[in-house]
>>> print(open('target_13.csv').read())   # CSV, C-alpha atoms
chain,number,residue,atom,x,y,z
A,1,MET,CA,24.8,71.6,1.4
A,2,VAL,CA,26.8,68.5,0.5
A,3,ALA,CA,24.5,67.8,-2.5
A,4,TYR,CA,25.1,71.3,-3.7
A,5,ILE,CA,28.8,71.0,-3.2
A,6,ARG,CA,28.7,67.8,-5.3
A,7,LYS,CA,26.8,69.6,-8.1
A,8,MET,CA,29.4,72.4,-8.2
A,9,ALA,CA,32.6,70.2,-7.8
A,10,VAL,CA,31.6,67.2,-9.9
A,11,GLU,CA,29.0,68.2,-12.4
A,12,ARG,CA,29.6,71.9,-13.2
A,13,ASN,CA,33.3,72.4,-12.7
A,14,GLN,CA,34.5,68.8,-13.0
A,15,TRP,CA,37.2,69.2,-10.3
A,16,LEU,CA,36.6,65.7,-9.1
A,17,ASP,CA,35.0,62.5,-10.5
A,18,GLU,CA,32.0,61.0,-8.7
A,19,ALA,CA,33.9,58.1,-7.0
A,20,THR,CA,36.5,60.5,-5.6
A,21,PHE,CA,33.8,62.8,-4.3
A,22,GLN,CA,31.9,60.0,-2.6
A,23,ASP,CA,35.0,58.8,-0.9
A,24,GLY,CA,35.4,62.3,0.5
A,25,VAL,CA,31.9,62.4,1.8
A,26,ALA,CA,32.4,59.1,3.5
A,27,LEU,CA,35.6,60.4,5.1
A,28,CYS,CA,33.9,63.6,6.3
A,29,GLN,CA,31.0,61.6,7.8
A,30,THR,CA,33.5,59.5,9.7
A,31,MET,CA,35.4,62.3,11.3
A,32,PRO,CA,34.2,64.8,13.9
A,33,GLY,CA,33.2,68.2,12.8
A,34,ALA,CA,30.9,70.0,10.3
A,35,THR,CA,30.5,67.6,7.4
A,36,ALA,CA,29.8,70.3,4.8
A,37,MET,CA,32.8,72.4,5.8
A,38,GLN,CA,35.0,69.3,5.7
A,39,THR,CA,33.7,68.3,2.3
A,40,THR,CA,34.6,71.7,0.8
A,41,ALA,CA,38.1,71.3,2.3
A,42,TYR,CA,38.4,67.8,0.7
A,43,VAL,CA,37.4,69.1,-2.7
A,44,GLY,CA,40.0,71.8,-2.5
A,45,LEU,CA,42.7,69.4,-1.3
A,46,ARG,CA,42.0,66.9,-4.0
A,47,SER,CA,41.9,69.5,-6.8
A,48,ARG,CA,44.5,72.1,-5.7
A,49,GLY,CA,46.4,70.7,-2.7
A,50,LEU,CA,46.6,72.4,0.7
A,51,PRO,CA,46.2,76.0,-0.6
A,52,GLY,CA,43.0,74.9,-2.4
A,53,ALA,CA,41.7,73.2,0.8
A,54,ALA,CA,42.3,76.4,2.8
A,55,VAL,CA,40.6,78.7,0.2
A,56,CYS,CA,37.6,76.4,-0.1
A,57,PHE,CA,37.2,76.1,3.6
A,58,VAL,CA,37.4,79.8,4.4
A,59,GLY,CA,35.3,80.7,1.3
A,60,PHE,CA,32.5,78.4,2.4
A,61,GLY,CA,32.5,79.5,6.1
A,62,LEU,CA,33.0,83.2,5.7
A,63,PRO,CA,29.5,84.2,4.6
A,64,ALA,CA,28.0,82.3,7.6
A,65,PHE,CA,30.4,84.0,10.0
A,66,CYS,CA,29.6,87.5,8.6
A,67,PHE,CA,25.8,86.9,8.8
A,68,MET,CA,26.1,85.5,12.3
A,69,ALA,CA,28.3,88.3,13.5
A,70,ILE,CA,25.8,90.9,12.3
A,71,LEU,CA,22.9,89.0,13.8
A,72,SER,CA,24.7,88.6,17.1
A,73,ALA,CA,25.4,92.4,17.2
A,74,PHE,CA,21.7,93.1,16.4
A,75,TYR,CA,20.7,90.6,19.2
A,76,ALA,CA,23.0,92.1,21.8
A,77,ARG,CA,21.5,95.6,21.2
A,78,THR,CA,17.8,94.7,20.8
A,79,HIS,CA,17.0,91.4,22.7
A,80,ASP,CA,15.1,93.3,25.3
A,81,LEU,CA,12.7,95.0,22.8
A,82,PRO,CA,9.1,93.6,22.9
A,83,LEU,CA,9.0,92.6,19.2
A,84,VAL,CA,12.4,90.8,19.5
A,85,LEU,CA,11.3,89.1,22.7
A,86,ALA,CA,8.1,87.9,20.9
A,87,THR,CA,10.2,86.6,17.9
A,88,PHE,CA,12.5,84.6,20.1
A,89,GLN,CA,9.7,83.2,22.2
A,90,GLY,CA,8.5,81.5,19.0
A,91,LEU,CA,12.0,80.6,17.7
A,92,ARG,CA,12.8,78.8,20.9
A,93,ALA,CA,9.9,76.4,20.3
A,94,ILE,CA,11.1,75.9,16.7
A,95,THR,CA,14.6,75.2,17.9
A,96,VAL,CA,13.3,72.4,20.0
A,97,ALA,CA,11.7,71.0,16.8
A,98,ILE,CA,14.9,71.4,14.9
A,99,VAL,CA,17.0,69.5,17.5
A,100,ALA,CA,14.2,66.9,17.8
A,101,ASN,CA,14.3,66.4,14.0
A,102,ALA,CA,18.1,66.0,14.2
A,103,THR,CA,17.7,63.4,16.9
A,104,LEU,CA,15.2,61.4,14.8
A,105,THR,CA,17.6,61.7,11.8
A,106,PHE,CA,20.5,60.5,13.8
A,107,GLY,CA,18.4,57.7,15.3
A,108,LYS,CA,17.2,56.4,11.9
A,109,ARG,CA,20.8,56.3,10.7
A,110,SER,CA,22.6,55.0,13.8
A,111,LEU,CA,20.1,52.8,15.8
A,112,ARG,CA,19.9,49.5,14.0
A,113,GLY,CA,20.1,47.0,16.8
A,114,LEU,CA,19.9,46.3,20.5
A,115,ALA,CA,23.6,47.4,21.0
A,116,ASP,CA,22.9,50.8,19.5
A,117,ILE,CA,19.8,51.3,21.7
A,118,ILE,CA,21.8,50.3,24.8
A,119,ILE,CA,24.6,52.8,24.1
A,120,ALA,CA,22.1,55.6,23.1
A,121,GLY,CA,20.1,55.0,26.3
A,122,LEU,CA,23.2,55.0,28.5
A,123,ALA,CA,24.5,58.2,26.9
A,124,ALA,CA,21.1,60.0,27.4
A,125,ALA,CA,21.0,59.0,31.1
A,126,MET,CA,24.6,60.0,31.7
A,127,PHE,CA,24.1,63.4,30.0
A,128,ALA,CA,20.9,64.0,32.0
A,129,LEU,CA,23.0,63.3,35.2
A,130,LYS,CA,25.5,66.0,34.0
A,131,VAL,CA,28.3,63.6,33.2
A,132,ASN,CA,30.8,65.3,30.9
A,133,PRO,CA,29.8,64.4,27.3
A,134,ILE,CA,33.5,63.7,26.4
A,135,VAL,CA,33.5,61.0,29.1
A,136,VAL,CA,30.2,59.7,27.6
A,137,ILE,CA,31.7,59.6,24.1
A,138,LEU,CA,34.8,57.7,25.2
A,139,LEU,CA,32.8,55.2,27.2
A,140,ALA,CA,30.5,54.7,24.1
A,141,ALA,CA,33.6,54.0,22.0
A,142,LEU,CA,34.8,51.4,24.4
A,143,LEU,CA,31.4,49.8,24.5
A,144,GLY,CA,31.4,49.8,20.7
A,145,LEU,CA,34.6,47.7,20.7
A,146,VAL,CA,32.9,45.1,22.9
A,147,LEU,CA,29.2,45.1,21.7
A,148,TYR,CA,29.9,45.3,18.0
A,149,ARG,CA,32.5,42.5,17.9
A,150,GLY,CA,31.8,40.3,14.9
A,151,GLN,CA,30.2,43.1,12.9
A,152,SER,CA,31.0,43.0,9.2
A,153,LYS,CA,33.6,45.6,8.2
A,154,PRO,CA,33.6,47.5,4.9
A,155,LYS,CA,35.9,46.3,2.2
A,156,PRO,CA,38.7,48.8,1.3
A,157,GLN,CA,38.7,50.2,-2.2
A,158,ALA,CA,41.9,50.6,-4.0
A,159,THR,CA,42.5,54.3,-4.6
A,160,ASP,CA,45.5,56.3,-5.5
A,161,GLU,CA,46.5,58.4,-2.5
A,162,SER,CA,50.1,59.1,-3.5
A,163,ALA,CA,49.3,62.5,-5.0
A,164,ILE,CA,47.6,63.6,-1.8
A,165,GLN,CA,50.4,62.2,0.3
A,166,VAL,CA,53.0,64.2,-1.6
A,167,ARG,CA,51.1,67.4,-1.5
A,168,SER,CA,49.8,67.4,2.0
A,169,ARG,CA,51.4,65.0,4.4
A,170,TRP,CA,54.6,66.9,4.8
A,171,ARG,CA,52.7,70.1,5.4
A,172,VAL,CA,50.6,68.9,8.3
A,173,THR,CA,53.2,69.2,11.0
A,174,PRO,CA,54.2,72.8,10.2
A,175,LEU,CA,50.5,73.7,10.1
A,176,LEU,CA,50.0,72.2,13.6
A,177,LEU,CA,53.0,74.2,14.9
A,178,VAL,CA,51.4,77.4,13.5
A,179,VAL,CA,48.2,76.6,15.3
A,180,ALA,CA,50.0,75.8,18.6
A,181,ALA,CA,52.0,79.1,18.3
A,182,ALA,CA,48.7,81.1,17.7
A,183,PHE,CA,47.2,79.6,20.8
A,184,ALA,CA,50.4,80.3,22.8
A,185,VAL,CA,50.2,84.0,21.8
A,186,LEU,CA,46.5,84.1,22.6
A,187,PHE,CA,47.2,82.6,26.0
A,188,MET,CA,49.8,85.4,26.8
A,189,ALA,CA,47.6,88.2,25.3
A,190,ASN,CA,44.2,87.4,26.7
A,191,ARG,CA,43.4,84.4,28.9
A,192,GLY,CA,39.7,84.8,28.5
A,193,LEU,CA,39.9,84.5,24.7
A,194,PHE,CA,42.3,81.6,25.0
A,195,ASP,CA,39.9,79.7,27.2
A,196,LEU,CA,37.1,80.4,24.7
A,197,GLY,CA,39.2,79.3,21.8
A,198,ALA,CA,40.5,76.1,23.5
A,199,LEU,CA,36.9,75.1,24.5
A,200,MET,CA,35.6,75.5,20.9
A,201,PHE,CA,38.6,73.6,19.6
A,202,ARG,CA,37.9,70.7,21.9
A,203,ILE,CA,34.2,70.7,21.1
A,204,ASP,CA,34.9,70.3,17.4
A,205,LEU,CA,37.4,67.5,18.1
A,206,PHE,CA,34.6,65.4,19.7
A,207,ALA,CA,31.6,66.3,17.5
A,208,PHE,CA,31.3,63.0,15.6
A,209,GLY,CA,28.4,62.7,13.2
A,210,GLY,CA,28.2,66.3,11.9
A,211,GLY,CA,27.5,69.8,13.1
A,212,PHE,CA,24.5,68.9,15.2
A,213,ALA,CA,26.7,66.6,17.3
A,214,SER,CA,28.3,69.8,18.7
A,215,VAL,CA,25.1,71.0,20.3
A,216,PRO,CA,25.1,68.8,23.4
A,217,LEU,CA,28.8,69.4,23.9
A,218,MET,CA,28.5,73.2,23.5
A,219,TYR,CA,25.4,73.3,25.7
A,220,HIS,CA,27.1,71.3,28.5
A,221,GLU,CA,30.3,73.4,28.5
A,222,ILE,CA,28.8,76.9,28.0
A,223,VAL,CA,25.5,76.6,30.0
A,224,ASP,CA,26.0,73.9,32.6
A,225,VAL,CA,29.8,74.0,33.4
A,226,ARG,CA,30.8,77.6,32.8
A,227,SER,CA,27.5,79.5,33.0
A,228,TRP,CA,28.7,81.9,30.3
A,229,MET,CA,25.0,82.3,29.3
A,230,ASP,CA,21.7,80.8,30.3
A,231,SER,CA,19.9,78.1,28.4
A,232,GLU,CA,17.4,80.6,26.8
A,233,THR,CA,20.1,82.7,25.3
A,234,PHE,CA,21.9,79.6,24.0
A,235,LEU,CA,18.6,78.5,22.4
A,236,ASN,CA,18.4,81.9,20.7
A,237,GLY,CA,21.9,81.5,19.4
A,238,ILE,CA,21.0,78.2,17.7
A,239,ALA,CA,17.8,79.8,16.2
A,240,LEU,CA,19.9,82.6,14.7
A,241,GLY,CA,22.3,80.0,13.4
A,242,GLN,CA,19.5,78.4,11.4
A,243,ILE,CA,19.0,81.7,9.6
A,244,THR,CA,22.5,81.9,8.3
A,245,PRO,CA,23.8,79.9,5.3
A,246,GLY,CA,26.2,77.6,7.1
A,247,PRO,CA,26.5,74.8,9.7
A,248,ILE,CA,24.9,74.9,13.1
A,249,VAL,CA,28.3,75.2,14.8
A,250,ILE,CA,28.3,78.8,13.6
A,251,THR,CA,26.5,79.3,17.0
A,252,ALA,CA,30.1,79.6,18.2
A,253,THR,CA,30.2,83.1,16.6
A,254,PHE,CA,27.2,84.1,18.6
A,255,VAL,CA,28.7,82.8,21.9
A,256,GLY,CA,32.0,84.5,21.2
A,257,TYR,CA,30.4,87.9,20.3
A,258,LEU,CA,28.2,88.0,23.4
A,259,LEU,CA,31.3,87.2,25.6
A,260,TYR,CA,34.1,89.3,24.0
A,261,GLY,CA,32.6,91.2,21.1
A,262,VAL,CA,34.2,91.0,17.6
A,263,ALA,CA,37.4,89.5,18.9
A,264,GLY,CA,35.5,86.7,20.7
A,265,ALA,CA,33.5,86.0,17.5
A,266,VAL,CA,36.6,85.6,15.4
A,267,VAL,CA,38.4,83.5,18.0
A,268,ALA,CA,35.4,81.2,18.7
A,269,THR,CA,34.7,80.7,15.0
A,270,ALA,CA,38.3,80.0,13.9
A,271,SER,CA,38.7,77.6,16.8
A,272,VAL,CA,35.5,75.6,16.3
A,273,PHE,CA,36.4,75.0,12.6
A,274,LEU,CA,40.2,74.5,12.9
A,275,PRO,CA,40.0,70.8,13.9
A,276,SER,CA,37.8,70.0,11.0
A,277,PHE,CA,40.3,71.5,8.6
A,278,LEU,CA,43.3,69.9,10.2
A,279,MET,CA,41.7,66.4,10.3
A,280,VAL,CA,40.8,66.5,6.6
A,281,VAL,CA,44.3,67.5,5.6
A,282,GLY,CA,45.9,65.0,7.9
A,283,VAL,CA,43.6,62.0,7.5
A,284,VAL,CA,43.0,61.8,3.8
A,285,PRO,CA,46.2,59.9,3.0
A,286,TYR,CA,45.2,57.3,5.5
A,287,PHE,CA,41.5,57.0,4.8
A,288,ASP,CA,41.5,53.6,3.1
A,289,ARG,CA,43.5,52.1,6.0
A,290,LEU,CA,41.1,53.5,8.6
A,291,ARG,CA,38.0,52.3,6.6
A,292,ALA,CA,39.4,48.8,6.5
A,293,SER,CA,40.0,48.6,10.3
A,294,ALA,CA,37.4,46.6,12.1
A,295,ARG,CA,38.3,48.2,15.4
A,296,PHE,CA,38.0,51.7,14.0
A,297,ASN,CA,34.5,50.9,12.7
A,298,ARG,CA,33.4,49.5,16.0
A,299,LEU,CA,34.6,52.6,17.8
A,300,MET,CA,32.7,54.8,15.3
A,301,PHE,CA,29.5,52.7,15.7
A,302,GLY,CA,29.5,53.2,19.4
A,303,ILE,CA,30.3,57.0,19.2
A,304,LEU,CA,27.5,57.6,16.7
A,305,ALA,CA,25.0,55.7,18.7
A,306,SER,CA,25.9,57.8,21.8
A,307,PHE,CA,25.1,61.0,20.0
A,308,VAL,CA,21.5,59.9,19.5
A,309,GLY,CA,21.3,59.7,23.2
A,310,LEU,CA,23.0,63.0,23.8
A,311,LEU,CA,20.8,64.8,21.3
A,312,PHE,CA,17.7,63.2,22.8
A,313,SER,CA,18.7,64.4,26.2
A,314,VAL,CA,19.5,68.0,25.1
A,315,THR,CA,16.2,68.1,23.2
A,316,LEU,CA,14.4,67.4,26.5
A,317,GLN,CA,16.4,70.1,28.3
A,318,PHE,CA,15.7,72.6,25.6
A,319,ALA,CA,12.0,71.7,25.8
A,320,LEU,CA,12.0,72.3,29.6
A,321,ASP,CA,13.3,75.8,29.0
A,322,VAL,CA,10.4,76.8,26.8
A,323,PRO,CA,7.2,78.3,28.5
A,324,TRP,CA,4.8,76.1,26.6
A,325,ASP,CA,1.3,77.2,25.8
A,326,VAL,CA,-1.1,76.3,22.9
A,327,PRO,CA,0.5,78.6,20.3
A,328,ARG,CA,4.0,77.4,21.0
A,329,VAL,CA,2.9,73.7,21.0
A,330,LEU,CA,1.3,74.2,17.6
A,331,LEU,CA,4.2,76.1,16.3
A,332,ALA,CA,6.7,73.5,17.4
A,333,GLY,CA,4.5,70.7,16.1
A,334,ALA,CA,4.1,72.4,12.7
A,335,ALA,CA,7.8,73.0,12.5
A,336,LEU,CA,8.7,69.4,13.2
A,337,VAL,CA,6.2,68.1,10.6
A,338,ALA,CA,7.6,70.5,8.0
A,339,LEU,CA,11.2,69.3,8.8
A,340,LEU,CA,10.2,65.7,8.6
A,341,LEU,CA,8.7,66.5,5.2
A,342,ARG,CA,12.1,67.9,4.3
A,343,VAL,CA,11.1,71.6,4.0
A,344,ASP,CA,14.2,73.7,4.1
A,345,VAL,CA,15.0,74.8,7.7
A,346,LEU,CA,15.4,78.4,6.6
A,347,TRP,CA,11.8,78.6,5.5
A,348,VAL,CA,10.7,76.9,8.7
A,349,VAL,CA,12.5,79.5,10.7
A,350,LEU,CA,11.3,82.5,8.6
A,351,ALA,CA,7.8,81.3,8.8
A,352,GLY,CA,8.2,80.8,12.6
A,353,ILE,CA,9.4,84.5,12.9
A,354,ALA,CA,6.3,85.7,11.0
A,355,VAL,CA,3.9,83.6,13.1
A,356,SER,CA,5.6,84.7,16.4
A,357,LEU,CA,5.3,88.3,15.5
A,358,MET,CA,1.5,87.9,14.9
A,359,ILE,CA,0.5,85.7,17.8
A,360,LEU,CA,3.1,86.0,20.6
>>> encode(input="target_13.csv", output="structure tokens")
Amino acid sequence: MVAYIRKMAVERNQWLDEATFQDGVALCQTMPGATAMQTTAYVGLRSRGLPGAAVCFVGFGLPAFCFMAILSAFYARTHDLPLVLATFQGLRAITVAIVANATLTFGKRSLRGLADIIIAGLAAAMFALKVNPIVVILLAALLGLVLYRGQSKPKPQATDESAIQVRSRWRVTPLLLVVAAAFAVLFMANRGLFDLGALMFRIDLFAFGGGFASVPLMYHEIVDVRSWMDSETFLNGIALGQITPGPIVITATFVGYLLYGVAGAVVATASVFLPSFLMVVGVVPYFDRLRASARFNRLMFGILASFVGLLFSVTLQFALDVPWDVPRVLLAGAALVALLLRVDVLWVVLAGIAVSLMIL
């Protein structure tokens, strides 16, 4: 998705130059949240200020929300039908392959030495022992400060941030006040929706490393802590999310719809994306300063290594929830190979649906 955004913003419409766009991608990969969503907000912010950021962010996320809301409504009404049951039996196996592929991708990018492996292993063990993932992430950040001491830090590049500062910095505080007021109204109107929204907001705040980093956080809070749904249903939500044209955190729409209908879908989706938007708008003027900070980079190294462990642990938990037999093993294995060969995940899922209908 980021590559396609670059083609639209840099090559076709020339809203940004190549260097400015790459700076934005680096920023979005540093912050928690869905990288592609944040990249669209960055493009809008750079080219049209805060209104442009809002329009790009909503425009990019809206199709995924609409698709997921429709699929969630369909699932709620038909998930007991034999054909639908057969479909999701296969999709659960494919979802294990998808999360396993994400773990391998994270691992290749983040595990480059003994310190990375230590942090990832510790994170996996703590998550398996049901330790709160946020505690795991904070501990990993502290370990990063200690274990990565002496690591080389990136050299800051001189970029002109003054225009962004003028257009966005003074607007961030009013924006935060509006968000706080909205949550206050939600708290008074419907405590259940408020709890859902606050949870999704918190998940996105700690999902360092992209959308897949939200999976272990969401799984822990929704399945393990609150028991809002069982693991199989959550797996089905992730599978549906892979059919939609958007980030994996769109699973929040599925969760919200099953709990509170359309209102829950809207609240969960808005809440899980809000931190990403606020961070892009608020952090861009300070990006060079953060990038030049050795402490900040050590913190990030530790956090990103921990997510390899978290994803590995949640992959095992997902695998334990699948009733494995020969067809499902073959289906998951074929899906993993296809993903490793960089076949688009949509085709993997659609092929999995067809195979599931035939053999399961």
>>> closest_residue(input="target_13.csv", among="A:Val280, A:Leu186, A:Val267, A:Val131", to="A:His220", atoms="all atoms listed in the file")
A:Val131
>>> atom_distance(input="target_13.csv", atom1="atom CA of A:Gly309", atom2="atom CA of A:Val99")
12.1 Å
>>> residues_around(input="target_13.csv", residues="A:Met218", least_positions_apart="4", cutoff="9 Å", atoms="all atoms listed in the file", output="ChimeraX atom specification")
/A:199-200,203,214,222-223,249,252
>>> write_last_selection(input="target_13.csv", atoms="C-alpha atoms", output="PDB file, in the frame of the given file")
ATOM      1  CA  LEU A 199      36.900  75.100  24.500  1.00  0.00           C
ATOM      2  CA  MET A 200      35.600  75.500  20.900  1.00  0.00           C
ATOM      3  CA  ILE A 203      34.200  70.700  21.100  1.00  0.00           C
ATOM      4  CA  SER A 214      28.300  69.800  18.700  1.00  0.00           C
ATOM      5  CA  ILE A 222      28.800  76.900  28.000  1.00  0.00           C
ATOM      6  CA  VAL A 223      25.500  76.600  30.000  1.00  0.00           C
ATOM      7  CA  VAL A 249      28.300  75.200  14.800  1.00  0.00           C
ATOM      8  CA  ALA A 252      30.100  79.600  18.200  1.00  0.00           C
TER       9      ALA A 252
END
>>> closest_residue(input="target_13.csv", among="A:Thr253, A:Thr30, A:Thr244, A:Ser271", to="A:Ile303", atoms="all atoms listed in the file")
A:Thr30
>>> residues_around(input="target_13.csv", residues="A:Ile5", least_positions_apart="6", cutoff="9 Å", atoms="all atoms listed in the file", output="PDB file with C-alpha atoms, in the frame of the given file")
ATOM      1  CA  ALA A  36      29.800  70.300   4.800  1.00  0.00           C
ATOM      2  CA  THR A  39      33.700  68.300   2.300  1.00  0.00           C
ATOM      3  CA  THR A  40      34.600  71.700   0.800  1.00  0.00           C
ATOM      4  CA  VAL A  43      37.400  69.100  -2.700  1.00  0.00           C
TER       5      VAL A  43
END
>>> residues_near_point(input="target_13.csv", point="(30.4, 81.9, 11.0)", cutoff="10 Å", atoms="all atoms listed in the file", output="PyMOL selection string")
chain A and resi 58+60-69+241+244-254+265-266+268-270+272-273
>>> residues_around(input="target_13.csv", residues="A:Asp325", least_positions_apart="2", cutoff="12 Å", atoms="only C-alpha atoms", output="CSV table (one decimal) with C-alpha atoms, keeping the file's coordinate frame")
chain,number,residue,atom,x,y,z
A,89,GLN,CA,9.7,83.2,22.2
A,90,GLY,CA,8.5,81.5,19.0
A,93,ALA,CA,9.9,76.4,20.3
A,322,VAL,CA,10.4,76.8,26.8
A,323,PRO,CA,7.2,78.3,28.5
A,327,PRO,CA,0.5,78.6,20.3
A,328,ARG,CA,4.0,77.4,21.0
A,329,VAL,CA,2.9,73.7,21.0
A,330,LEU,CA,1.3,74.2,17.6
A,331,LEU,CA,4.2,76.1,16.3
A,332,ALA,CA,6.7,73.5,17.4
A,359,ILE,CA,0.5,85.7,17.8
A,360,LEU,CA,3.1,86.0,20.6
>>> atom_distance(input="target_13.csv", atom1="atom CA of A:Thr233", atom2="atom CA of A:Gly107")
27.0 Å
>>> closest_residue(input="target_13.csv", among="A:Phe301, A:Phe208, A:Phe88, A:Phe21", to="A:Ser356", atoms="all atoms listed in the file")
A:Phe88
>>> atom_distance(input="target_13.csv", atom1="atom CA of A:Phe212", atom2="atom CA of A:Ala102")
7.1 Å
>>> closest_residue(input="target_13.csv", among="A:Pro133, A:Gly256, A:Pro275, A:Gly49", to="A:Leu310", atoms="all atoms listed in the file")
A:Pro133
>>> closest_residue(input="target_13.csv", among="A:Ala120, A:Leu138, A:Leu341, A:Ala97", to="A:Ala239", atoms="only C-alpha atoms")
A:Ala97
>>> residues_around(input="target_13.csv", residues="A:Trp347", least_positions_apart="4", cutoff="12 Å", atoms="all atoms listed in the file", output="list in words")
Ile94, Gln242, Ile243, Thr244, Ala335, Ala338, Leu339, Arg342, Val343, Ala351, Gly352, Ile353 and Ala354 of chain A
>>> residues_around(input="target_13.csv", residues="A:Arg6", least_positions_apart="3", cutoff="12 Å", atoms="all atoms listed in the file", output="PDB file with C-alpha atoms, in the coordinates of the input")
ATOM      1  CA  MET A   1      24.800  71.600   1.400  1.00  0.00           C
ATOM      2  CA  VAL A   2      26.800  68.500   0.500  1.00  0.00           C
ATOM      3  CA  ALA A   3      24.500  67.800  -2.500  1.00  0.00           C
ATOM      4  CA  ALA A   9      32.600  70.200  -7.800  1.00  0.00           C
ATOM      5  CA  VAL A  10      31.600  67.200  -9.900  1.00  0.00           C
ATOM      6  CA  GLU A  11      29.000  68.200 -12.400  1.00  0.00           C
ATOM      7  CA  ARG A  12      29.600  71.900 -13.200  1.00  0.00           C
ATOM      8  CA  ASN A  13      33.300  72.400 -12.700  1.00  0.00           C
ATOM      9  CA  GLN A  14      34.500  68.800 -13.000  1.00  0.00           C
ATOM     10  CA  TRP A  15      37.200  69.200 -10.300  1.00  0.00           C
ATOM     11  CA  LEU A  16      36.600  65.700  -9.100  1.00  0.00           C
ATOM     12  CA  ASP A  17      35.000  62.500 -10.500  1.00  0.00           C
ATOM     13  CA  GLU A  18      32.000  61.000  -8.700  1.00  0.00           C
ATOM     14  CA  ALA A  19      33.900  58.100  -7.000  1.00  0.00           C
ATOM     15  CA  THR A  20      36.500  60.500  -5.600  1.00  0.00           C
ATOM     16  CA  PHE A  21      33.800  62.800  -4.300  1.00  0.00           C
ATOM     17  CA  GLN A  22      31.900  60.000  -2.600  1.00  0.00           C
ATOM     18  CA  ASP A  23      35.000  58.800  -0.900  1.00  0.00           C
ATOM     19  CA  GLY A  24      35.400  62.300   0.500  1.00  0.00           C
ATOM     20  CA  VAL A  25      31.900  62.400   1.800  1.00  0.00           C
ATOM     21  CA  ALA A  36      29.800  70.300   4.800  1.00  0.00           C
ATOM     22  CA  THR A  39      33.700  68.300   2.300  1.00  0.00           C
ATOM     23  CA  THR A  40      34.600  71.700   0.800  1.00  0.00           C
ATOM     24  CA  TYR A  42      38.400  67.800   0.700  1.00  0.00           C
ATOM     25  CA  VAL A  43      37.400  69.100  -2.700  1.00  0.00           C
TER      26      VAL A  43
END
>>> closest_residue(input="target_13.csv", among="A:Ala198, A:Arg46, A:Leu83, A:Ile70", to="A:Val179", atoms="all atoms listed in the file")
A:Ala198
>>> residues_near_point(input="target_13.csv", point="(17.8, 67.8, 35.1)", cutoff="10 Å", atoms="all atoms listed in the file", output="VMD selection string")
chain A and resid 127 to 130 313 316 to 317 320
>>> decode(input="target_13.csv", residues="stretch 265-276 of chain A", atoms="N, CA and C atoms", output="short mmCIF file (atom, residue, chain, number, x, y, z; two decimals), in the first residue's frame")
data_model
loop_
_atom_site.label_atom_id
_atom_site.label_comp_id
_atom_site.auth_asym_id
_atom_site.auth_seq_id
_atom_site.Cartn_x
_atom_site.Cartn_y
_atom_site.Cartn_z
N ALA A 265 -19.25 -0.52 15.59
CA ALA A 265 -18.30 -0.54 14.47
C ALA A 265 -17.70 0.84 14.24
N VAL A 266 -18.55 1.87 14.29
CA VAL A 266 -18.08 3.25 14.07
C VAL A 266 -17.13 3.67 15.19
N VAL A 267 -17.52 3.45 16.44
CA VAL A 267 -16.70 3.86 17.58
C VAL A 267 -15.37 3.12 17.60
N ALA A 268 -15.40 1.80 17.39
CA ALA A 268 -14.17 1.02 17.43
C ALA A 268 -13.22 1.44 16.31
N THR A 269 -13.74 1.67 15.12
CA THR A 269 -12.90 2.04 13.98
C THR A 269 -12.29 3.42 14.18
N ALA A 270 -13.13 4.39 14.55
CA ALA A 270 -12.61 5.75 14.77
C ALA A 270 -11.55 5.76 15.87
N SER A 271 -11.79 5.01 16.93
CA SER A 271 -10.87 5.01 18.08
C SER A 271 -9.55 4.35 17.75
N VAL A 272 -9.58 3.27 16.95
CA VAL A 272 -8.34 2.55 16.68
C VAL A 272 -7.46 3.31 15.68
N PHE A 273 -8.05 4.25 14.93
CA PHE A 273 -7.26 5.02 13.98
C PHE A 273 -6.88 6.42 14.49
N LEU A 274 -7.60 6.92 15.47
CA LEU A 274 -7.36 8.29 15.95
C LEU A 274 -5.92 8.53 16.42
N PRO A 275 -5.33 7.64 17.25
CA PRO A 275 -3.95 7.92 17.69
C PRO A 275 -2.98 8.04 16.53
N SER A 276 -3.15 7.22 15.50
CA SER A 276 -2.26 7.30 14.34
C SER A 276 -2.31 8.68 13.71
#
